[in-house]
$ cat work_3.txt   # compact mmCIF, C-alpha atoms
# COMPACT_ATOMS: atom_id res chain seq x y z
CA MET E 1055 -40.72 38.52 -64.92
CA SER E 1056 -41.56 40.61 -61.89
CA ASP E 1057 -38.91 41.47 -59.33
CA ARG E 1058 -41.23 39.94 -56.78
CA LEU E 1059 -40.72 36.46 -58.20
CA ALA E 1060 -38.27 35.37 -55.48
CA ARG E 1061 -40.70 36.49 -52.78
CA ASP E 1062 -43.73 34.96 -54.45
CA ARG E 1063 -41.83 31.76 -54.99
CA ALA E 1064 -40.80 31.52 -51.33
CA GLU E 1065 -44.39 32.11 -50.22
CA ILE E 1066 -45.84 29.62 -52.69
CA ARG E 1067 -43.31 26.97 -51.65
CA ASP E 1068 -44.49 27.45 -48.08
CA LEU E 1069 -48.11 26.99 -49.18
CA MET E 1070 -47.18 23.81 -51.07
CA GLY E 1071 -45.56 22.44 -47.92
CA ARG E 1072 -48.54 23.33 -45.75
CA TYR E 1073 -50.86 21.64 -48.26
CA LEU E 1074 -48.96 18.35 -48.19
CA PHE E 1075 -48.56 18.19 -44.41
CA ALA E 1076 -52.28 18.87 -44.08
CA MET E 1077 -53.07 16.17 -46.62
CA ASP E 1078 -50.80 13.45 -45.26
CA TRP E 1079 -51.69 14.10 -41.61
CA HIS E 1080 -55.39 14.34 -42.52
CA ASP E 1081 -55.83 17.87 -41.19
CA ALA E 1082 -58.96 18.70 -43.21
CA ASP E 1083 -59.29 22.25 -41.83
CA ALA E 1084 -55.70 23.23 -42.65
CA TYR E 1085 -56.10 21.56 -46.04
CA ALA E 1086 -59.19 23.59 -46.94
CA GLU E 1087 -57.50 26.79 -45.78
CA CYS E 1088 -54.93 26.40 -48.56
CA PHE E 1089 -57.74 27.25 -51.04
CA THR E 1090 -59.68 30.44 -51.69
CA GLU E 1091 -63.25 30.51 -50.39
CA ASP E 1092 -64.50 29.46 -53.86
CA GLY E 1093 -61.43 27.41 -54.78
CA VAL E 1094 -61.65 24.29 -56.94
CA LEU E 1095 -59.98 20.94 -56.35
CA ASP E 1096 -60.02 18.69 -59.41
CA TYR E 1097 -58.71 15.19 -58.62
CA ALA E 1098 -59.46 11.54 -59.27
CA MET E 1099 -62.33 11.24 -56.81
CA ALA E 1100 -64.24 14.41 -57.78
CA THR E 1101 -64.14 18.07 -58.73
CA LEU E 1102 -64.96 20.05 -55.60
CA THR E 1103 -65.82 23.75 -55.39
CA GLY E 1104 -65.50 25.81 -52.24
CA ARG E 1105 -63.66 25.30 -48.94
CA GLU E 1106 -66.51 23.41 -47.31
CA ALA E 1107 -66.67 20.82 -50.12
CA ILE E 1108 -62.88 20.55 -50.15
CA ARG E 1109 -62.80 20.02 -46.38
CA GLU E 1110 -65.36 17.23 -46.73
CA GLY E 1111 -63.36 15.80 -49.64
CA ALA E 1112 -60.26 15.64 -47.44
CA ARG E 1113 -62.20 13.62 -44.89
CA LYS E 1114 -63.40 11.20 -47.56
CA PHE E 1115 -59.86 10.94 -48.89
CA ARG E 1116 -58.71 9.77 -45.48
CA GLU E 1117 -61.32 7.01 -45.40
CA ALA E 1118 -60.57 5.97 -48.97
CA ILE E 1119 -56.82 5.68 -48.61
CA GLY E 1120 -57.21 3.73 -45.37
CA THR E 1121 -58.85 0.99 -47.42
CA ILE E 1122 -56.59 1.27 -50.49
CA PHE E 1123 -53.17 1.30 -48.83
CA LYS E 1124 -52.49 -1.35 -46.21
CA ARG E 1125 -49.44 -2.81 -44.54
CA GLU E 1126 -48.66 -6.52 -44.69
CA ASP E 1127 -50.49 -6.99 -41.37
CA GLY E 1128 -53.65 -5.40 -42.82
CA THR E 1129 -53.48 -2.14 -40.82
CA PRO E 1130 -53.86 1.13 -42.78
CA ALA E 1131 -50.52 2.26 -44.17
CA LEU E 1132 -49.09 5.75 -43.80
CA LEU E 1133 -49.25 7.59 -47.12
CA ARG E 1134 -46.72 10.32 -47.83
CA HIS E 1135 -46.64 12.63 -50.83
CA VAL E 1136 -43.37 14.13 -52.00
CA LEU E 1137 -43.10 17.40 -53.91
CA ASP E 1138 -40.09 17.96 -56.11
CA GLN E 1139 -39.50 20.36 -59.01
CA LEU E 1140 -41.85 23.29 -59.18
CA VAL E 1141 -42.28 25.82 -62.02
CA ILE E 1142 -44.00 29.08 -61.03
CA ARG E 1143 -45.29 31.82 -63.31
CA VAL E 1144 -46.46 35.00 -61.62
CA GLU E 1145 -48.37 37.92 -63.14
CA GLY E 1146 -49.31 40.41 -60.45
CA ASP E 1147 -51.55 38.73 -57.90
CA ARG E 1148 -52.10 35.64 -60.03
CA ALA E 1149 -49.81 32.67 -60.41
CA TRP E 1150 -49.70 29.39 -62.33
CA THR E 1151 -47.62 26.47 -61.13
CA THR E 1152 -46.69 23.07 -62.47
CA ALA E 1153 -45.03 20.57 -60.13
CA PHE E 1154 -43.99 16.95 -59.99
CA TRP E 1155 -45.26 14.80 -57.11
CA TRP E 1156 -44.95 11.17 -56.14
CA GLU E 1157 -46.16 9.16 -53.21
CA MET E 1158 -45.14 6.21 -51.09
CA THR E 1159 -46.48 4.24 -48.16
CA ASP E 1160 -44.85 2.38 -45.28
CA GLY E 1161 -46.60 -0.79 -46.50
CA GLY E 1162 -43.81 -2.40 -48.54
CA PRO E 1163 -42.37 -5.87 -47.88
CA GLY E 1164 -41.03 -6.20 -44.33
CA GLY E 1165 -42.29 -2.73 -43.39
CA THR E 1166 -40.38 -0.75 -45.99
CA PRO E 1167 -41.34 2.24 -48.16
CA ALA E 1168 -43.33 1.30 -51.26
CA ILE E 1169 -43.67 3.81 -54.11
CA GLN E 1170 -47.30 3.92 -55.26
CA SER E 1171 -47.71 6.49 -58.01
CA PHE E 1172 -46.57 9.80 -59.43
CA GLY E 1173 -48.06 12.68 -61.34
CA THR E 1174 -48.24 16.43 -61.60
CA TYR E 1175 -50.01 19.32 -59.95
CA GLU E 1176 -51.33 22.11 -62.15
CA ASP E 1177 -52.34 25.05 -60.02
CA GLU E 1178 -53.83 28.48 -60.33
CA LEU E 1179 -53.21 30.75 -57.38
CA VAL E 1180 -54.27 34.17 -56.28
CA ARG E 1181 -52.77 36.49 -53.70
CA GLU E 1182 -55.43 37.62 -51.22
CA ASP E 1183 -54.57 39.89 -48.28
CA GLY E 1184 -50.87 39.14 -48.73
CA ARG E 1185 -51.29 35.36 -48.85
CA TRP E 1186 -51.09 33.04 -51.83
CA LEU E 1187 -53.96 30.54 -52.03
CA PHE E 1188 -55.02 27.93 -54.55
CA SER E 1189 -57.96 29.07 -56.66
CA ARG E 1190 -57.69 25.80 -58.56
CA ARG E 1191 -55.60 22.69 -58.09
CA THR E 1192 -55.72 19.91 -60.66
CA ILE E 1193 -54.04 16.66 -59.67
CA TRP E 1194 -52.90 14.41 -62.48
CA ASN E 1195 -51.86 10.84 -61.76
CA GLU E 1196 -50.08 8.80 -64.43
CA PHE E 1197 -51.45 5.57 -62.92
CA LEU E 1198 -55.16 6.36 -63.10
CA ASP E 1199 -57.16 6.03 -66.30
CA GLY E 1200 -58.36 9.42 -67.45
CA ARG E 1201 -56.11 11.27 -64.98
CA GLN E 1202 -52.84 11.07 -66.89
CA SER E 1203 -50.98 14.33 -67.48
CA ARG E 1204 -50.94 16.07 -70.85
CA THR E 1205 -48.83 14.60 -73.62
CA GLU E 1206 -47.36 18.07 -74.22
CA ASN E 1207 -44.80 19.44 -71.74
CA PRO E 1208 -47.24 20.66 -69.06
CA VAL E 1209 -45.28 23.87 -68.45
CA ARG E 1210 -46.37 25.16 -71.86
CA HIS E 1211 -50.01 25.10 -70.80
CA TYR E 1212 -49.53 27.60 -68.00
CA ASP E 1213 -46.93 29.64 -69.84
CA ARG E 1214 -49.67 30.34 -72.39
CA ALA E 1215 -52.22 31.09 -69.66
CA ALA E 1216 -49.85 33.52 -67.95
CA GLU E 1217 -49.01 35.24 -71.22
CA ALA E 1218 -52.71 35.60 -72.04
CA ALA E 1219 -53.37 37.09 -68.58
CA ALA E 1220 -50.46 39.50 -68.99
CA GLY E 1221 -52.07 40.69 -72.22
CA MET U 208 -60.77 31.32 -40.54
CA SER U 209 -57.99 29.75 -38.59
CA THR U 210 -57.51 30.80 -35.00
CA GLN U 211 -53.84 29.89 -35.31
CA SER U 212 -51.12 32.47 -35.70
CA GLN U 213 -50.17 33.08 -39.31
CA GLN U 214 -46.93 33.86 -41.05
CA ASP U 215 -46.46 37.48 -42.07
CA TYR U 216 -44.92 37.10 -45.52
CA SER U 217 -43.91 40.72 -45.90
CA GLY U 218 -40.38 41.85 -45.13
CA ARG U 219 -37.48 39.41 -45.12
CA TYR U 220 -39.40 36.16 -45.50
CA ALA U 221 -38.08 35.14 -48.94
CA GLN U 222 -34.51 36.10 -48.05
CA ASP U 223 -34.61 34.16 -44.78
CA ARG U 224 -36.26 31.18 -46.44
CA ALA U 225 -33.58 31.04 -49.15
CA GLU U 226 -30.87 31.10 -46.47
CA ILE U 227 -32.58 28.40 -44.39
CA GLU U 228 -33.08 26.18 -47.45
CA ASP U 229 -29.35 26.54 -48.14
CA LEU U 230 -28.57 25.48 -44.55
CA MET U 231 -30.87 22.44 -44.89
CA ALA U 232 -29.01 21.36 -48.03
CA ARG U 233 -25.57 21.92 -46.48
CA TYR U 234 -26.70 19.82 -43.55
CA LEU U 235 -27.56 16.86 -45.77
CA PHE U 236 -24.35 17.02 -47.76
CA ALA U 237 -22.37 17.13 -44.51
CA MET U 238 -24.36 14.17 -43.16
CA ASP U 239 -24.17 11.97 -46.23
CA TRP U 240 -20.51 12.68 -46.96
CA GLY U 241 -19.50 12.28 -43.31
CA ASP U 242 -18.24 15.84 -42.84
CA PHE U 243 -18.86 16.01 -39.10
CA GLU U 244 -16.97 19.25 -38.61
CA ALA U 245 -19.25 21.03 -41.09
CA TYR U 246 -22.23 19.26 -39.54
CA GLY U 247 -21.47 20.64 -36.08
CA THR U 248 -21.08 24.21 -37.32
CA MET U 249 -24.71 24.26 -38.49
CA PHE U 250 -25.86 24.26 -34.88
CA THR U 251 -25.52 27.04 -32.35
CA GLU U 252 -22.82 26.52 -29.68
CA ASP U 253 -25.47 25.14 -27.33
CA GLY U 254 -27.59 23.54 -30.08
CA GLU U 255 -29.40 20.25 -29.64
CA LEU U 256 -29.86 17.28 -31.92
CA GLU U 257 -32.57 14.85 -30.90
CA TYR U 258 -32.88 11.62 -32.85
CA ALA U 259 -33.15 7.86 -32.49
CA ARG U 260 -29.85 7.61 -30.55
CA GLY U 261 -30.84 10.25 -28.00
CA THR U 262 -30.14 13.94 -27.55
CA ALA U 263 -26.71 15.48 -28.14
CA ARG U 264 -26.00 19.02 -26.86
CA GLY U 265 -23.33 21.35 -28.13
CA ARG U 266 -21.36 21.25 -31.37
CA ALA U 267 -18.68 18.79 -30.26
CA ALA U 268 -21.20 16.31 -28.83
CA ILE U 269 -23.39 16.60 -31.93
CA GLY U 270 -20.46 15.96 -34.27
CA GLU U 271 -19.35 12.97 -32.19
CA SER U 272 -22.85 11.53 -31.95
CA VAL U 273 -23.39 11.73 -35.70
CA ARG U 274 -19.97 10.18 -36.37
CA ALA U 275 -20.91 7.22 -34.18
CA PHE U 276 -24.33 7.02 -35.87
CA LYS U 277 -22.77 6.98 -39.29
CA GLN U 278 -20.40 4.20 -38.24
CA ALA U 279 -23.29 2.14 -36.83
CA ILE U 280 -25.48 2.62 -39.89
CA GLY U 281 -22.60 1.47 -42.09
CA GLY U 282 -22.93 -1.93 -40.43
CA ILE U 283 -26.69 -2.07 -41.00
CA TYR U 284 -26.97 -0.70 -44.54
CA THR U 285 -24.53 -2.68 -46.66
CA ASP U 286 -24.07 -3.49 -50.31
CA SER U 287 -23.87 -7.09 -51.54
CA LYS U 288 -20.16 -7.27 -50.67
CA GLY U 289 -20.80 -6.19 -47.09
CA ASN U 290 -19.38 -2.68 -47.56
CA PRO U 291 -21.19 0.23 -45.92
CA ALA U 292 -23.89 1.30 -48.37
CA ILE U 293 -23.89 4.73 -49.99
CA LEU U 294 -26.71 6.41 -48.07
CA ARG U 295 -28.41 9.56 -49.35
CA HIS U 296 -31.06 11.65 -47.61
CA ILE U 297 -33.52 13.72 -49.64
CA ILE U 298 -35.44 16.69 -48.30
CA ALA U 299 -38.75 17.63 -49.93
CA GLN U 300 -41.63 19.89 -48.87
CA THR U 301 -40.65 22.30 -46.13
CA VAL U 302 -42.80 24.67 -44.10
CA ILE U 303 -40.90 27.52 -42.46
CA ARG U 304 -42.25 30.03 -39.92
CA ILE U 305 -40.06 33.05 -39.38
CA GLU U 306 -40.44 35.69 -36.67
CA GLY U 307 -37.54 38.12 -36.60
CA ASP U 308 -34.32 36.23 -35.85
CA ARG U 309 -36.12 33.03 -34.89
CA ALA U 310 -37.62 30.36 -37.12
CA TRP U 311 -39.50 27.08 -36.79
CA SER U 312 -39.59 24.54 -39.53
CA THR U 313 -40.92 21.15 -40.44
CA ALA U 314 -39.88 19.20 -43.51
CA PHE U 315 -40.39 15.79 -45.07
CA TRP U 316 -37.29 13.64 -45.64
CA TRP U 317 -36.65 10.18 -47.01
CA GLU U 318 -33.52 8.19 -47.69
CA MET U 319 -32.23 5.58 -50.06
CA ALA U 320 -29.05 3.57 -50.38
CA ASN U 321 -27.43 1.15 -52.81
CA ASP U 322 -28.54 -1.81 -50.71
CA GLY U 323 -31.29 -3.07 -53.02
CA PRO U 324 -31.07 -6.26 -55.11
CA GLY U 325 -28.03 -6.04 -57.38
CA ASP U 326 -26.75 -3.06 -55.35
CA LYS U 327 -29.50 -0.94 -56.88
CA PRO U 328 -31.14 1.98 -55.02
CA LYS U 329 -33.65 1.03 -52.35
CA ALA U 330 -35.78 3.40 -50.27
CA GLY U 331 -35.05 2.75 -46.61
CA THR U 332 -37.17 4.98 -44.40
CA PHE U 333 -38.90 8.37 -44.24
CA GLY U 334 -39.91 10.87 -41.61
CA THR U 335 -39.84 14.54 -40.70
CA TYR U 336 -37.51 17.16 -39.32
CA GLU U 337 -38.81 19.50 -36.64
CA ASP U 338 -36.42 22.41 -36.30
CA GLU U 339 -35.87 25.57 -34.34
CA LEU U 340 -33.41 28.06 -35.76
CA VAL U 341 -31.88 31.39 -34.86
CA ARG U 342 -30.10 34.01 -36.93
CA GLN U 343 -26.72 34.78 -35.35
CA ASP U 344 -24.27 37.25 -36.93
CA GLY U 345 -26.25 37.12 -40.17
CA ARG U 346 -26.34 33.30 -40.37
CA TRP U 347 -29.21 30.95 -39.70
CA LEU U 348 -28.28 28.02 -37.43
CA PHE U 349 -30.17 25.17 -35.83
CA THR U 350 -30.78 25.59 -32.11
CA ARG U 351 -32.61 22.31 -32.17
CA ARG U 352 -33.20 19.65 -34.77
CA ARG U 353 -35.52 16.79 -33.97
CA ILE U 354 -35.49 13.88 -36.41
CA LEU U 355 -38.56 11.68 -36.49
CA ASN U 356 -38.70 8.41 -38.43
CA GLU U 357 -41.94 6.56 -39.18
CA PHE U 358 -40.11 3.23 -39.22
CA LEU U 359 -38.56 3.38 -35.75
CA GLU U 360 -40.45 2.44 -32.62
CA GLY U 361 -41.10 5.54 -30.52
CA ARG U 362 -39.84 7.93 -33.22
CA ALA U 363 -42.98 8.22 -35.40
CA THR U 364 -44.54 11.63 -36.04
CA GLY U 365 -47.97 10.70 -34.70
CA GLU U 366 -51.43 11.79 -35.75
CA THR U 367 -51.18 15.58 -35.48
CA ASN U 368 -50.20 17.69 -38.48
CA PRO U 369 -46.65 18.81 -37.56
CA VAL U 370 -47.32 22.26 -39.05
CA ARG U 371 -49.78 22.88 -36.18
CA GLY U 372 -46.85 22.47 -33.81
CA ILE U 373 -44.61 25.00 -35.50
CA ASP U 374 -47.45 27.51 -35.88
CA ALA U 375 -48.22 27.17 -32.17
CA ARG U 376 -44.57 27.61 -31.16
CA ALA U 377 -44.13 30.60 -33.47
CA GLY U 378 -47.35 32.13 -32.17
CA ALA U 379 -46.24 31.71 -28.55
CA ALA U 380 -42.85 33.32 -29.20

$ encode --input "work_3.txt" --output "structure tokens"
Amino acid sequence: MSDRLARDRAEIRDLMGRYLFAMDWHDADAYAECFTEDGVLDYAMATLTGREAIREGARKFREAIGTIFKREDGTPALLRHVLDQLVIRVEGDRAWTTAFWWEMTDGGPGGTPAIQSFGTYEDELVREDGRWLFSRRTIWNEFLDGRQSRTENPVRHYDRAAEAAAG
Amino acid sequence: MSTQSQQDYSGRYAQDRAEIEDLMARYLFAMDWGDFEAYGTMFTEDGELEYARGTARGRAAIGESVRAFKQAIGGIYTDSKGNPAILRHIIAQTVIRIEGDRAWSTAFWWEMANDGPGDKPKAGTFGTYEDELVRQDGRWLFTRRRILNEFLEGRATGETNPVRGIDARAGAA
């Protein structure tokens, strides 16, 4: 474990926060900037490669969730993702992270929060010009067919990848 | 590329972030356990707290305002016997901009209490914190905390990504 882990971890946590604010406030430009130029986003709707495709994907996501999540009065609900525990492996300028997320809307009975789904993020990151960026984010969702997380403890997957990269 | 100012992650960033995350957690324990003295000490002497009940300035006023808030909420959130519910706030993703001894932060929070059917947990509301902090005598303190709540009229966060706001304020400083 490198002595930089605390610093890398602080920086990656900041990136994770920026990603979710960009997603939930539909800031497609800020969202795309969380990825490398040739970054990959693998999620339920598609696998997208490159910032431009990811930016466009964020716009489509906004339209899609406006029709999926509604309040009792039929208006589009606010959707908020929540990021909790986060495991980070760092080897030099590469990192692998596994995190638990869940999401809720403001569309529950009587205008209350309603939990919608939960899943995991599996991420590969690189440090470019002193900034951590996603080179690949895979979003697993336990409530979507074909998008459920691994049956094995997901942390093992990236522990192996990091060990292989470390040689 | 973004035309916005960017965080320089070299230097003290991780150290400052760890300290600020500790402050954020202390804040929530003080709030949820009703420790208003501890709550006040997390703000600078002339700090401001802006939330649904208005703006309180200075440690004494902030402590008093939050005490009154806690009393009021105890009448709104109740368990099945009518007792004040056990209310817990949870902080999740947090973006922190740090420039020297000043910082700007936005974070997502939500809360739940034992006021669901059968006194089970029930999510009540969620929103964001928008904070300005300073480092005084080696300690990070809030100079201003603004609490927004998506479920209260006039207190919603609005359409703009809150991170744009903190990047703009940090860039201007």

$ interface_residues --input "work_3.txt" --of "chain U" --to "chain E" --cutoff "8 Å" --atoms "only C-alpha atoms" --output "PyMOL selection string"
chain U and resi 208-209+216-217+220-222+224-225+299-303+314-315+330-333+357-358+366-370

$ residues_near_point --input "work_3.txt" --point "(-51.3, 28.0, -57.9)" --cutoff "10 Å" --atoms "all atoms listed in the file" --output "list in words"
Ile1066, Leu1069, Met1070, Phe1089, Ile1142, Arg1143, Val1144, Arg1148, Ala1149, Trp1150, Thr1151, Thr1152, Ala1153, Tyr1175, Glu1176, Asp1177, Glu1178, Leu1179, Val1180, Arg1181, Trp1186, Leu1187, Phe1188, Ser1189, Arg1190, Arg1191 and Thr1192 of chain E

$ atom_distance --input "work_3.txt" --atom1 "CA of Ile298 in chain U" --atom2 "CA of Trp317 in chain U"
6.7 Å

$ atom_distance --input "work_3.txt" --atom1 "CA of Tyr234 in chain U" --atom2 "CA of Leu1133 in chain E"
25.9 Å

$ atom_distance --input "work_3.txt" --atom1 "CA of Arg219 in chain U" --atom2 "CA of Leu348 in chain U"
16.5 Å

$ residues_around --input "work_3.txt" --residues "Gly1104 in chain E" --least-positions-apart "5" --cutoff "6 Å" --atoms "only C-alpha atoms" --output "list in words"
Glu1091, Asp1092 and Gly1093 of chain E

$ residues_around --input "work_3.txt" --residues "range 336-339 of chain U" --least-positions-apart "4" --cutoff "7 Å" --atoms "all atoms listed in the file" --output "PyMOL selection string"
chain U and resi 310-315+349-355

$ closest_residue --input "work_3.txt" --among "U:Glu360, U:Asp374, U:Glu318, U:Asp308" --to "Leu235 in chain U" --atoms "all atoms listed in the file"
U:Glu318

$ axis_aligned_box --input "work_3.txt" --around "range 1159-1172 of chain E" --padding-each-side "3 Å" --output "JSON"
{"center_x": -44.0, "center_y": 1.8, "center_z": -51.4, "size_x": 13.3, "size_y": 22.0, "size_z": 22.0}
